>>> print(open('upload_1.pdb').read())   # PDB, C-alpha atoms, pLDDT in the B column
MODEL        1
ATOM      1  CA  MET A 361     -66.988 -66.296  23.933  1.00 71.00           C
ATOM      2  CA  GLU A 362     -64.007 -64.270  22.742  1.00 83.00           C
ATOM      3  CA  THR A 363     -61.623 -67.195  23.343  1.00 90.00           C
ATOM      4  CA  LEU A 364     -63.903 -69.567  21.434  1.00 91.00           C
ATOM      5  CA  GLN A 365     -64.024 -67.136  18.510  1.00 88.00           C
ATOM      6  CA  LYS A 366     -60.231 -66.853  18.447  1.00 90.00           C
ATOM      7  CA  ILE A 367     -59.833 -70.637  18.430  1.00 94.00           C
ATOM      8  CA  ALA A 368     -62.480 -70.890  15.720  1.00 94.00           C
ATOM      9  CA  LEU A 369     -60.675 -68.220  13.721  1.00 93.00           C
ATOM     10  CA  VAL A 370     -57.438 -70.223  13.824  1.00 95.00           C
ATOM     11  CA  PHE A 371     -59.240 -73.322  12.507  1.00 95.00           C
ATOM     12  CA  THR A 372     -60.970 -71.247   9.839  1.00 96.00           C
ATOM     13  CA  ILE A 373     -57.641 -69.817   8.702  1.00 95.00           C
ATOM     14  CA  LEU A 374     -56.138 -73.315   8.535  1.00 96.00           C
ATOM     15  CA  GLY A 375     -59.101 -74.418   6.442  1.00 96.00           C
ATOM     16  CA  ALA A 376     -58.628 -71.444   4.139  1.00 96.00           C
ATOM     17  CA  VAL A 377     -54.939 -72.250   3.722  1.00 97.00           C
ATOM     18  CA  ASN A 378     -55.862 -75.843   2.867  1.00 97.00           C
ATOM     19  CA  TRP A 379     -58.342 -74.622   0.218  1.00 96.00           C
ATOM     20  CA  GLY A 380     -55.652 -72.294  -1.122  1.00 97.00           C
ATOM     21  CA  LEU A 381     -53.303 -75.251  -1.485  1.00 97.00           C
ATOM     22  CA  VAL A 382     -56.038 -77.173  -3.287  1.00 97.00           C
ATOM     23  CA  GLY A 383     -56.708 -74.284  -5.652  1.00 97.00           C
ATOM     24  CA  ILE A 384     -53.099 -73.358  -6.385  1.00 98.00           C
ATOM     25  CA  LEU A 385     -51.249 -76.673  -6.194  1.00 97.00           C
ATOM     26  CA  ASP A 386     -54.050 -79.260  -6.336  1.00 97.00           C
ATOM     27  CA  PHE A 387     -52.734 -80.507  -2.973  1.00 97.00           C
ATOM     28  CA  ASN A 388     -55.108 -81.306  -0.113  1.00 96.00           C
ATOM     29  CA  LEU A 389     -53.126 -81.284   3.130  1.00 95.00           C
ATOM     30  CA  VAL A 390     -55.897 -82.943   5.153  1.00 95.00           C
ATOM     31  CA  GLU A 391     -56.145 -85.866   2.737  1.00 95.00           C
ATOM     32  CA  PHE A 392     -52.357 -86.101   2.609  1.00 96.00           C
ATOM     33  CA  LEU A 393     -52.066 -86.325   6.404  1.00 94.00           C
ATOM     34  CA  PHE A 394     -55.040 -88.665   6.938  1.00 94.00           C
ATOM     35  CA  LYS A 395     -55.122 -90.747   3.724  1.00 91.00           C
ATOM     36  CA  ASP A 396     -56.664 -93.914   5.036  1.00 90.00           C
ATOM     37  CA  ILE A 397     -58.676 -92.510   7.936  1.00 94.00           C
ATOM     38  CA  ASP A 398     -61.866 -91.271   6.286  1.00 95.00           C
ATOM     39  CA  ILE A 399     -63.709 -90.581   9.547  1.00 96.00           C
ATOM     40  CA  VAL A 400     -60.918 -88.304  10.828  1.00 95.00           C
ATOM     41  CA  ARG A 401     -60.940 -86.325   7.578  1.00 95.00           C
ATOM     42  CA  ARG A 402     -64.708 -85.903   7.806  1.00 96.00           C
ATOM     43  CA  ILE A 403     -64.461 -84.753  11.428  1.00 96.00           C
ATOM     44  CA  ILE A 404     -61.777 -82.201  10.523  1.00 96.00           C
ATOM     45  CA  TYR A 405     -63.920 -80.797   7.708  1.00 96.00           C
ATOM     46  CA  ILE A 406     -66.948 -80.624  10.022  1.00 97.00           C
ATOM     47  CA  VAL A 407     -64.947 -78.858  12.760  1.00 97.00           C
ATOM     48  CA  ILE A 408     -63.653 -76.285  10.268  1.00 96.00           C
ATOM     49  CA  ALA A 409     -67.171 -75.706   8.927  1.00 96.00           C
ATOM     50  CA  VAL A 410     -68.559 -75.191  12.441  1.00 96.00           C
ATOM     51  CA  CYS A 411     -65.696 -72.803  13.204  1.00 95.00           C
ATOM     52  CA  GLY A 412     -66.571 -70.826  10.087  1.00 94.00           C
ATOM     53  CA  LEU A 413     -70.141 -70.547  11.321  1.00 93.00           C
ATOM     54  CA  ILE A 414     -68.945 -69.407  14.735  1.00 91.00           C
ATOM     55  CA  ASN A 415     -66.887 -66.704  13.071  1.00 91.00           C
ATOM     56  CA  ILE A 416     -69.979 -65.266  11.422  1.00 88.00           C
ATOM     57  CA  GLY A 417     -70.529 -63.703  14.832  1.00 81.00           C
ATOM     58  CA  LEU A 418     -67.415 -61.591  14.240  1.00 82.00           C
ATOM     59  CA  LEU A 419     -69.305 -59.762  11.494  1.00 82.00           C
ATOM     60  CA  PHE A 420     -71.757 -58.488  14.075  1.00 79.00           C
ATOM     61  CA  THR A 421     -69.272 -57.698  16.848  1.00 76.00           C
ATOM     62  CA  HIS A 422     -68.387 -54.052  17.251  1.00 69.00           C
ATOM     63  CA  ILE A 423     -64.725 -53.295  17.741  1.00 64.00           C
ATOM     64  CA  GLU A 424     -64.285 -50.964  20.688  1.00 62.00           C
ATOM     65  CA  ASP A 425     -61.216 -48.758  21.039  1.00 52.00           C
ATOM     66  CA  ASN A 426     -59.736 -48.626  24.522  1.00 50.00           C
TER      67      ASN A 426
ENDMDL
END
>>> encode(input="upload_1.pdb", output="structure tokens")
Amino acid sequence: METLQKIALVFTILGAVNWGLVGILDFNLVEFLFKDIDIVRRIIYIVIAVCGLINIGLLFTHIEDN
């Protein structure tokens, strides 16, 4: 599960960077890269949303010192 959470975290960070670009520069990288492919854009947004939900589990994971 740890590997899945790390992959999900990467996608969540990419989504956050995209939202930062939208907020600061009014530039949506996903729409820029996939202008005419609506289904791909929707899939990307869904994947990022699911990854965000997966990362909720990180809130409840205790960090153990070795």
>>> resolve_selection(input="upload_1.pdb", expression="the PyMOL selection byres ((chain A and resi 405) around 12)", output="list in words")
Phe371, Thr372, Leu374, Gly375, Ala376, Asn378, Trp379, Asn388, Leu389, Val390, Glu391, Phe394, Asp398, Ile399, Val400, Arg401, Arg402, Ile403, Ile404, Ile406, Val407, Ile408, Ala409, Val410, Cys411 and Gly412 of chain A
>>> closest_residue(input="upload_1.pdb", among="A:Phe420, A:Leu385, A:Asn415, A:Phe392", to="Leu364 in chain A", atoms="only C-alpha atoms")
A:Asn415
>>> closest_residue(input="upload_1.pdb", among="A:Leu393, A:Ile414, A:Leu419, A:Ile384", to="Lys366 in chain A", atoms="all atoms listed in the file")
A:Ile414
>>> atom_distance(input="upload_1.pdb", atom1="CA of Leu413 in chain A", atom2="CA of Gly380 in chain A")
19.2 Å
>>> atom_distance(input="upload_1.pdb", atom1="CA of Ile416 in chain A", atom2="CA of Thr363 in chain A")
14.7 Å
>>> atom_distance(input="upload_1.pdb", atom1="CA of Ala368 in chain A", atom2="CA of Val382 in chain A")
21.0 Å
>>> axis_aligned_box(input="upload_1.pdb", around="range 396-414 of chain A", padding_each_side="6 Å", output="JSON")
{"center_x": -63.4, "center_y": -81.7, "center_z": 9.9, "size_x": 25.5, "size_y": 36.5, "size_z": 21.7}
